[in-house]
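**Student:** Next comes start-v4.cif, mmCIF, C-alpha atoms:
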data_entry
loop_
_atom_site.label_atom_id
_atom_site.label_comp_id
_atom_site.auth_asym_id
_atom_site.auth_seq_id
_atom_site.Cartn_x
_atom_site.Cartn_y
_atom_site.Cartn_z
CA MET A 16 110.58 167.97 133.04
CA GLN A 17 113.73 166.51 134.59
CA ALA A 18 117.12 166.99 132.98
CA TYR A 19 120.77 166.82 133.94
CA GLU A 20 122.93 169.91 133.77
CA LEU A 21 126.66 170.46 134.03
CA ARG A 22 127.37 173.31 136.41
CA ASN A 23 130.80 174.89 136.63
CA ASP A 24 130.57 175.47 140.37
CA GLN A 25 131.34 171.78 140.97
CA PRO A 26 134.46 169.79 140.02
CA GLY A 27 134.44 166.77 137.70
CA LEU A 28 131.51 164.37 137.80
CA GLU A 29 130.02 166.28 140.72
CA ALA A 30 129.12 168.96 138.16
CA LEU A 31 126.39 166.62 136.86
CA THR A 32 123.19 167.83 138.55
CA LEU A 33 119.58 166.68 138.18
CA VAL A 34 117.29 169.70 137.79
CA GLU A 35 113.75 170.68 136.84
CA ARG A 36 113.38 172.59 133.59
CA PRO A 37 110.27 173.96 131.89
CA ASP A 38 108.64 171.55 129.44
CA PRO A 39 109.97 172.52 126.00
CA GLN A 40 107.64 173.27 123.09
CA PRO A 41 108.51 172.89 119.39
CA GLN A 42 108.52 176.02 117.25
CA VAL A 43 108.44 176.34 113.46
CA GLY A 44 110.47 173.54 111.87
CA GLN A 45 111.11 171.84 115.22
CA VAL A 46 110.05 168.54 116.79
CA LEU A 47 109.62 167.52 120.42
CA VAL A 48 111.10 164.13 121.27
CA LYS A 49 110.35 162.14 124.41
CA MET A 50 113.75 160.62 125.10
CA HIS A 51 113.86 156.92 125.97
CA ALA A 52 117.61 156.27 126.13
CA ALA A 53 121.00 157.95 125.90
CA SER A 54 124.48 156.48 125.56
CA LEU A 55 127.87 157.59 126.80
CA ASN A 56 131.04 158.40 124.88
CA TYR A 57 134.52 159.17 126.16
CA ARG A 58 133.91 162.72 124.94
CA ASP A 59 131.17 163.06 127.57
CA LEU A 60 133.69 162.42 130.33
CA LEU A 61 135.97 165.10 128.91
CA VAL A 62 133.11 167.59 128.65
CA THR A 63 132.04 166.85 132.22
CA LYS A 64 135.56 167.44 133.49
CA GLY A 65 136.04 170.61 131.46
CA ALA A 66 138.79 168.97 129.41
CA TYR A 67 137.18 168.97 125.96
CA GLY A 68 138.89 171.72 124.01
CA SER A 69 137.14 175.05 124.43
CA GLN A 70 134.95 175.22 127.50
CA ALA A 71 131.29 174.51 126.95
CA VAL A 72 128.78 177.12 127.99
CA GLN A 73 127.35 176.13 131.37
CA PRO A 74 124.90 175.16 132.67
CA ILE A 75 124.41 172.77 129.76
CA VAL A 76 122.59 169.46 129.30
CA PRO A 77 125.27 166.83 128.52
CA LEU A 78 125.46 163.85 126.14
CA SER A 79 125.24 163.80 122.36
CA ASP A 80 123.68 160.39 121.78
CA GLY A 81 120.05 159.57 122.42
CA ALA A 82 116.89 158.11 120.91
CA GLY A 83 113.21 158.62 121.50
CA GLU A 84 109.72 159.15 120.09
CA VAL A 85 108.40 162.24 118.34
CA VAL A 86 105.47 163.47 120.47
CA ALA A 87 104.81 166.92 118.96
CA VAL A 88 105.81 168.87 115.84
CA GLY A 89 105.92 172.56 115.00
CA SER A 90 104.43 174.07 111.89
CA GLY A 91 106.14 173.32 108.60
CA VAL A 92 107.64 169.99 109.69
CA THR A 93 107.69 167.41 106.87
CA ARG A 94 110.59 165.01 107.56
CA VAL A 95 108.94 163.21 110.49
CA GLN A 96 105.56 162.86 112.16
CA ILE A 97 104.22 162.13 115.64
CA GLY A 98 105.04 158.57 116.64
CA ASP A 99 108.26 158.27 114.63
CA ARG A 100 111.24 156.73 116.41
CA VAL A 101 114.28 158.96 115.97
CA ALA A 102 117.79 159.80 117.09
CA GLY A 103 119.54 163.15 117.05
CA ALA A 104 122.47 163.81 114.74
CA PHE A 105 125.69 164.55 116.65
CA MET A 106 126.07 167.94 114.95
CA GLN A 107 122.66 169.41 114.32
CA THR A 108 123.63 171.46 111.26
CA PHE A 109 126.12 168.98 109.72
CA LEU A 110 123.65 167.62 107.19
CA ALA A 111 125.99 166.82 104.29
CA GLY A 112 129.20 167.88 102.61
CA GLU A 113 132.34 168.99 104.43
CA LEU A 114 132.77 169.88 108.07
CA THR A 115 132.97 173.60 108.86
CA PRO A 116 133.50 175.64 112.04
CA GLU A 117 129.84 176.62 111.96
CA LYS A 118 128.73 172.98 111.91
CA VAL A 119 131.03 172.14 114.83
CA LYS A 120 129.22 174.78 116.88
CA SER A 121 126.04 172.69 116.68
CA ALA A 122 127.43 169.60 118.47
CA LEU A 123 125.01 168.25 121.05
CA GLY A 124 126.14 168.02 124.66
CA GLY A 125 129.12 170.31 124.18
CA ALA A 126 128.44 173.36 122.08
CA ILE A 127 124.68 173.22 122.71
CA ASP A 128 122.33 171.37 125.08
CA GLY A 129 122.44 167.61 124.70
CA VAL A 130 120.04 164.73 125.28
CA LEU A 131 120.23 163.70 128.96
CA ALA A 132 116.70 164.96 129.58
CA GLU A 133 113.15 163.64 129.53
CA TYR A 134 112.25 165.80 126.51
CA VAL A 135 114.41 167.46 123.84
CA VAL A 136 113.46 169.86 121.05
CA PHE A 137 115.36 169.28 117.80
CA SER A 138 115.29 170.92 114.43
CA GLU A 139 113.55 168.50 112.08
CA GLN A 140 116.77 168.63 110.03
CA GLY A 141 118.82 167.38 112.98
CA ILE A 142 117.17 163.99 113.49
CA VAL A 143 117.08 160.65 111.67
CA LYS A 144 114.66 157.74 111.83
CA ILE A 145 116.11 154.70 113.55
CA PRO A 146 116.14 151.12 112.20
CA ALA A 147 112.90 149.32 113.05
CA HIS A 148 114.59 146.24 114.55
CA LEU A 149 116.53 148.24 117.16
CA SER A 150 115.37 149.09 120.66
CA TYR A 151 115.66 152.68 121.85
CA GLU A 152 118.66 151.61 123.95
CA GLU A 153 120.40 150.14 120.90
CA ALA A 154 119.54 153.11 118.69
CA ALA A 155 120.90 155.52 121.31
CA THR A 156 124.39 154.09 120.72
CA LEU A 157 124.54 155.16 117.07
CA PRO A 158 124.93 158.96 116.65
CA CYS A 159 128.59 159.34 117.66
CA ALA A 160 130.41 155.99 117.95
CA ALA A 161 128.71 154.16 115.09
CA VAL A 162 128.76 157.11 112.68
CA THR A 163 132.43 157.69 113.51
CA ALA A 164 133.33 154.06 112.78
CA TRP A 165 131.28 154.05 109.56
CA ASN A 166 132.86 157.30 108.38
CA ALA A 167 136.37 156.06 109.18
CA LEU A 168 136.07 152.71 107.43
CA VAL A 169 133.42 153.09 104.74
CA ALA A 170 132.99 156.75 103.79
CA GLU A 171 136.58 157.99 104.14
CA GLY A 172 138.35 154.62 104.35
CA GLN A 173 136.77 153.09 101.23
CA LEU A 174 136.90 149.68 102.93
CA LYS A 175 136.56 146.70 100.61
CA ALA A 176 136.24 142.96 100.99
CA GLY A 177 139.55 141.28 101.76
CA ASP A 178 141.06 144.28 103.57
CA THR A 179 142.64 143.87 106.99
CA VAL A 180 141.64 146.25 109.80
CA LEU A 181 143.46 146.90 113.07
CA LEU A 182 141.31 148.04 115.99
CA GLN A 183 142.41 149.35 119.37
CA GLY A 184 140.45 148.40 122.46
CA THR A 185 136.86 147.27 122.86
CA GLY A 186 134.97 150.54 123.38
CA GLY A 187 132.06 151.71 121.29
CA VAL A 188 133.90 152.95 118.20
CA SER A 189 136.13 149.89 117.99
CA LEU A 190 133.29 147.38 118.32
CA PHE A 191 131.17 149.20 115.76
CA ALA A 192 134.20 149.17 113.47
CA LEU A 193 134.53 145.43 114.08
CA GLN A 194 130.92 144.84 113.12
CA PHE A 195 131.11 147.07 110.02
CA ALA A 196 134.40 145.48 108.93
CA ARG A 197 132.92 142.00 109.12
CA MET A 198 129.78 143.22 107.35
CA MET A 199 132.03 144.38 104.48
CA GLY A 200 134.07 141.16 104.33
CA ALA A 201 137.26 142.44 105.98
CA THR A 202 139.59 140.67 108.41
CA VAL A 203 139.94 142.20 111.88
CA ILE A 204 142.87 142.26 114.31
CA ILE A 205 142.01 143.81 117.68
CA THR A 206 144.01 144.81 120.76
CA SER A 207 142.97 144.96 124.42
CA SER A 208 144.48 144.65 127.87
CA SER A 209 141.92 141.94 128.73
CA ASP A 210 142.05 138.38 127.43
CA ASP A 211 138.37 138.01 128.31
CA LYS A 212 137.46 141.02 126.15
CA LEU A 213 139.59 139.67 123.31
CA GLU A 214 137.69 136.39 123.42
CA ARG A 215 134.39 138.27 123.31
CA ALA A 216 135.67 140.27 120.33
CA LYS A 217 136.49 137.00 118.56
CA GLN A 218 132.92 135.87 119.12
CA LEU A 219 131.86 139.01 117.22
CA GLY A 220 134.12 138.05 114.32
CA ALA A 221 137.63 139.29 115.09
CA ALA A 222 140.22 136.96 113.59
CA VAL A 223 143.04 137.71 116.04
CA GLY A 224 143.26 139.33 119.46
CA ILE A 225 146.47 140.81 120.90
CA ASN A 226 146.85 141.67 124.59
CA TYR A 227 148.88 144.88 124.61
CA LYS A 228 149.83 144.38 128.26
CA THR A 229 151.52 141.05 127.66
CA THR A 230 152.60 142.07 124.14
CA PRO A 231 153.62 145.73 124.51
CA ASN A 232 155.21 145.72 121.03
CA TRP A 233 151.90 144.76 119.48
CA GLU A 234 152.78 146.46 116.22
CA GLU A 235 155.50 143.83 115.67
CA ALA A 236 152.94 141.08 116.20
CA VAL A 237 150.63 142.75 113.67
CA TRP A 238 153.49 143.02 111.17
CA ALA A 239 154.25 139.32 111.57
CA LEU A 240 150.58 138.31 111.34
CA THR A 241 150.29 140.11 108.00
CA ASP A 242 153.43 138.49 106.54
CA HIS A 243 155.34 141.76 106.88
CA ARG A 244 152.83 143.62 104.74
CA GLY A 245 150.93 145.55 107.41
CA VAL A 246 147.22 146.23 107.75
CA ASP A 247 145.16 148.23 105.30
CA HIS A 248 143.32 150.27 107.93
CA VAL A 249 143.96 151.33 111.52
CA ILE A 250 141.23 152.75 113.75
CA GLU A 251 143.44 154.89 115.98
CA VAL A 252 141.58 155.62 119.21
CA GLY A 253 144.61 155.72 121.50
CA GLY A 254 146.09 159.01 120.38
CA SER A 255 149.61 160.31 120.75
CA ASN A 256 151.09 157.34 122.62
CA THR A 257 149.91 154.71 120.14
CA LEU A 258 150.13 156.55 116.81
CA SER A 259 153.80 155.66 116.26
CA GLN A 260 153.00 151.98 116.73
CA SER A 261 150.07 152.28 114.34
CA LEU A 262 152.39 153.80 111.75
CA ARG A 263 154.63 150.76 112.03
CA ALA A 264 151.66 148.36 111.81
CA VAL A 265 150.03 149.89 108.72
CA ARG A 266 151.02 148.85 105.22
CA TYR A 267 152.63 151.07 102.61
CA GLY A 268 149.81 153.17 101.20
CA GLY A 269 147.51 152.22 104.07
CA ARG A 270 145.10 154.38 106.05
CA ILE A 271 145.01 155.50 109.67
CA ALA A 272 141.77 157.03 110.93
CA LEU A 273 142.72 159.28 113.84
CA ILE A 274 139.74 159.30 116.16
CA GLY A 275 140.55 159.15 119.86
CA VAL A 276 142.75 160.72 122.50
CA LEU A 277 142.71 158.05 125.20
CA THR A 278 146.47 158.28 125.74
CA GLY A 279 146.78 162.01 125.23
CA THR A 280 146.76 164.70 122.57
CA ALA A 281 150.47 165.47 122.26
CA GLY A 282 153.56 163.32 121.89
CA ASP A 283 156.51 162.35 119.71
CA VAL A 284 155.50 160.98 116.33
CA LYS A 285 157.94 160.09 113.55
CA THR A 286 156.33 161.96 110.70
CA SER A 287 158.92 160.47 108.36
CA ALA A 288 157.00 157.18 108.58
CA ILE A 289 153.94 158.89 107.11
CA LEU A 290 156.04 160.19 104.24
CA HIS A 291 158.14 157.07 103.69
CA LYS A 292 155.19 154.65 103.74
CA HIS A 293 152.83 156.95 101.82
CA VAL A 294 150.31 156.61 104.66
CA ARG A 295 147.01 158.49 104.70
CA VAL A 296 146.31 159.82 108.21
CA GLN A 297 142.73 161.09 108.32
CA GLY A 298 141.16 162.89 111.25
CA ILE A 299 137.57 161.74 111.81
CA TYR A 300 135.10 163.92 113.71
CA VAL A 301 131.89 161.85 113.63
CA GLY A 302 130.01 162.56 110.35
CA SER A 303 127.02 164.13 108.66
CA ARG A 304 123.31 163.42 108.99
CA ASP A 305 123.28 162.00 105.44
CA LEU A 306 126.07 159.60 106.36
CA PHE A 307 124.10 158.59 109.49
CA GLU A 308 121.09 157.71 107.33
CA THR A 309 123.24 155.73 104.88
CA MET A 310 124.73 153.77 107.78
CA ASN A 311 121.27 153.08 109.20
CA ARG A 312 120.19 151.52 105.91
CA ALA A 313 123.12 149.10 106.12
CA ILE A 314 122.38 148.32 109.78
CA ALA A 315 118.74 147.63 108.93
CA LEU A 316 119.62 145.44 105.94
CA HIS A 317 121.99 143.27 107.98
CA LYS A 318 119.89 143.40 111.18
CA MET A 319 123.03 144.42 113.02
CA GLN A 320 122.75 144.65 116.82
CA PRO A 321 124.92 147.22 118.66
CA VAL A 322 126.89 145.84 121.60
CA ILE A 323 125.63 147.21 124.91
CA ASP A 324 127.68 146.39 127.98
CA ARG A 325 125.38 147.74 130.67
CA THR A 326 122.36 149.99 131.16
CA PHE A 327 121.76 152.39 134.05
CA PRO A 328 118.55 154.13 135.14
CA PHE A 329 118.17 157.88 134.62
CA SER A 330 118.68 158.44 138.35
CA ALA A 331 122.11 156.78 138.18
CA ALA A 332 123.74 158.96 135.50
CA LYS A 333 126.79 159.67 137.67
CA GLU A 334 127.27 155.97 138.30
CA ALA A 335 127.11 155.35 134.55
CA MET A 336 129.81 157.98 134.01
CA ARG A 337 132.00 156.41 136.66
CA TYR A 338 131.57 153.00 135.10
CA LEU A 339 132.63 154.35 131.71
CA GLU A 340 135.61 156.03 133.35
CA SER A 341 136.68 152.71 134.90
CA GLY A 342 137.28 151.19 131.46
CA ALA A 343 135.57 147.95 132.49
CA HIS A 344 132.98 148.18 129.72
CA PHE A 345 132.85 146.10 126.53
CA GLY A 346 130.87 148.14 124.04
CA LYS A 347 128.42 150.86 124.96
CA VAL A 348 127.13 152.16 128.30
CA VAL A 349 123.50 153.26 128.11
CA ILE A 350 121.17 155.30 130.34
CA THR A 351 117.46 154.57 130.14
CA ILE A 352 115.20 157.61 130.46
#
Just dump the structure as structure tokens.

**Tutor:**
Amino acid sequence: MQAYELRNDQPGLEALTLVERPDPQPQVGQVLVKMHAASLNYRDLLVTKGAYGSQAVQPIVPLSDGAGEVVAVGSGVTRVQIGDRVAGAFMQTFLAGELTPEKVKSALGGAIDGVLAEYVVFSEQGIVKIPAHLSYEEAATLPCAAVTAWNALVAEGQLKAGDTVLLQGTGGVSLFALQFARMMGATVIITSSSDDKLERAKQLGAAVGINYKTTPNWEEAVWALTDHRGVDHVIEVGGSNTLSQSLRAVRYGGRIALIGVLTGTAGDVKTSAILHKHVRVQGIYVGSRDLFETMNRAIALHKMQPVIDRTFPFSAAKEAMRYLESGAHFGKVVITI
């Protein structure tokens, strides 16, 4: 079969190499999935460039998010059968409960081989069935970005109707958060550097868009828009350079879900604001398989359609990575396999 590997003898995106690997075979408790699509996350860029925390073992197959069809099963498999349409869970052993160091070591496309391959063997415990109304391309967007947004707002955030949510940018996590927030009856304020993207976000249900290039003190605009109350929830994907602004935009007793590192991982943050405003700052590292399945039930019920910006063929994986790196995308970037 064909697969992509990251090899540490090449710098950056040039490390992504198309290779031939032996056809995998499922063992006891495993399933073989013919992959049909994979989607990109910002994490994948960091892994490719060797900038994602501890160095991944190389060569390694990249990407955590993909969907496909079960084509063979090992003995003892009961959760799925041949022909089922499935996606892999981001962390293969994070089935339920709390996150642990051991579960982190099972993250696809970083700690272990990922999904940018024609065939992938999974533990039957590490996959979920995908909503019937979704294409493989749409389902491939769910394992990281969608689960992260659902965990941040619904599972940890306890989002309720009437809440106000502040989103940063129009990448995968933020647009899934927009869709989930509207599904739950919340009001959404979203920021972007592009007026065109803000208009597209409004078409998805955002109430207000703020261009952070023309309004660099966007937190003041948010404060004014909420009648000096602040928002109930912030999906913080920027990182160190935007966290202080988020702390000023959130209400007393509000929640900030710390998810991304787009502006860096270290910086000056006034921790007194967390104390003074009684703010809950919660780190979110994707979520469990059980949470994934709960989210899928909601997606199926509401017939929600993930937002895909652009799809690339399997042969153009590097081009897909470069496109994601450019920041031109609105929603998810997908590779068909």

**Student:** When distances are computed from only C-alpha atoms, which of A:Ser207, A:Thr202, A:Asn256, A:Gln42 shows the smallest separation from A:His344?

**Tutor:**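 Under the stated criterion, the closest residue is A:Ser207.
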
**Student:** Excluding stretch 227-239 of chain A and any residue of its chain fewer than 5 positions from it, enumerate the residues within 9 Å of it, using all atoms listed in the file, and give them as an MDAnalysis selection string.

**Tutor:** chainID A and resid 181 204 206:209 244:246 260:266

**Student:** Check what the PyMOL selection byres ((chain A and resi 140-148) around 6) selects in the file above and give those residues as an NGL selection string.

**Tutor:** :A and (100-104 or 107 or 138-139 or 149 or 315)

**Student:** Rank A:Asp242, A:Tyr267, A:Asn56, A:Thr309 by their smallest atom-to-atom distance to A:Lys292, using all atoms listed in the file, and report the top residue only.

**Tutor:**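 Selected residue with least distance to A:Lys292: A:Tyr267.
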
**Student:** Could you check the closest approach to A:Ala161 for each of A:Lys333, A:His293, A:Lys347, A:Lys64 and tell me which residue wins, using all atoms listed in the file?

**Tutor:** A:Lys347

**Student:** Given the choices A:Ser79, A:Gly129, A:Met198, A:Ala343, which gets closest to A:Leu316 if the distance is worked out from only C-alpha atoms?

**Tutor:**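 Among the listed residues, A:Met198 lies closest to A:Leu316.
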
**Student:** Interatomic distance between atom CA of A:Ala332 and atom CA of A:Ala216?

**Tutor:**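 Separation between atom CA of A:Ala332 and atom CA of A:Ala216: 26.9 Å.
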
**Student:** Kindly give the distance, in Å, that separates atom CA of A:Gly65 and atom CA of A:Leu273, rounded to a single decimal.

**Tutor:**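 We find that atom CA of A:Gly65 and atom CA of A:Leu273 lie 22.0 Å from each other.
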
**Student:** Excluding A:Arg325 and residues on its chain fewer than 5 positions from it, collect all residues at most 9 Å away from it, counting only C-alpha atoms, and give them as a list in words.

**Tutor:**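 Contacts, with the query itself left out: Ala335, His344, Phe345, Gly346, Lys347, Val348, Val349 and Ile350 of chain A.
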
**Student:** Using atom CA of A:Leu306 and atom CA of A:Ala52 as the two end points, give the distance in Å to one decimal.

**Tutor:**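 Rounded to one decimal, the two atoms are 21.8 Å apart.
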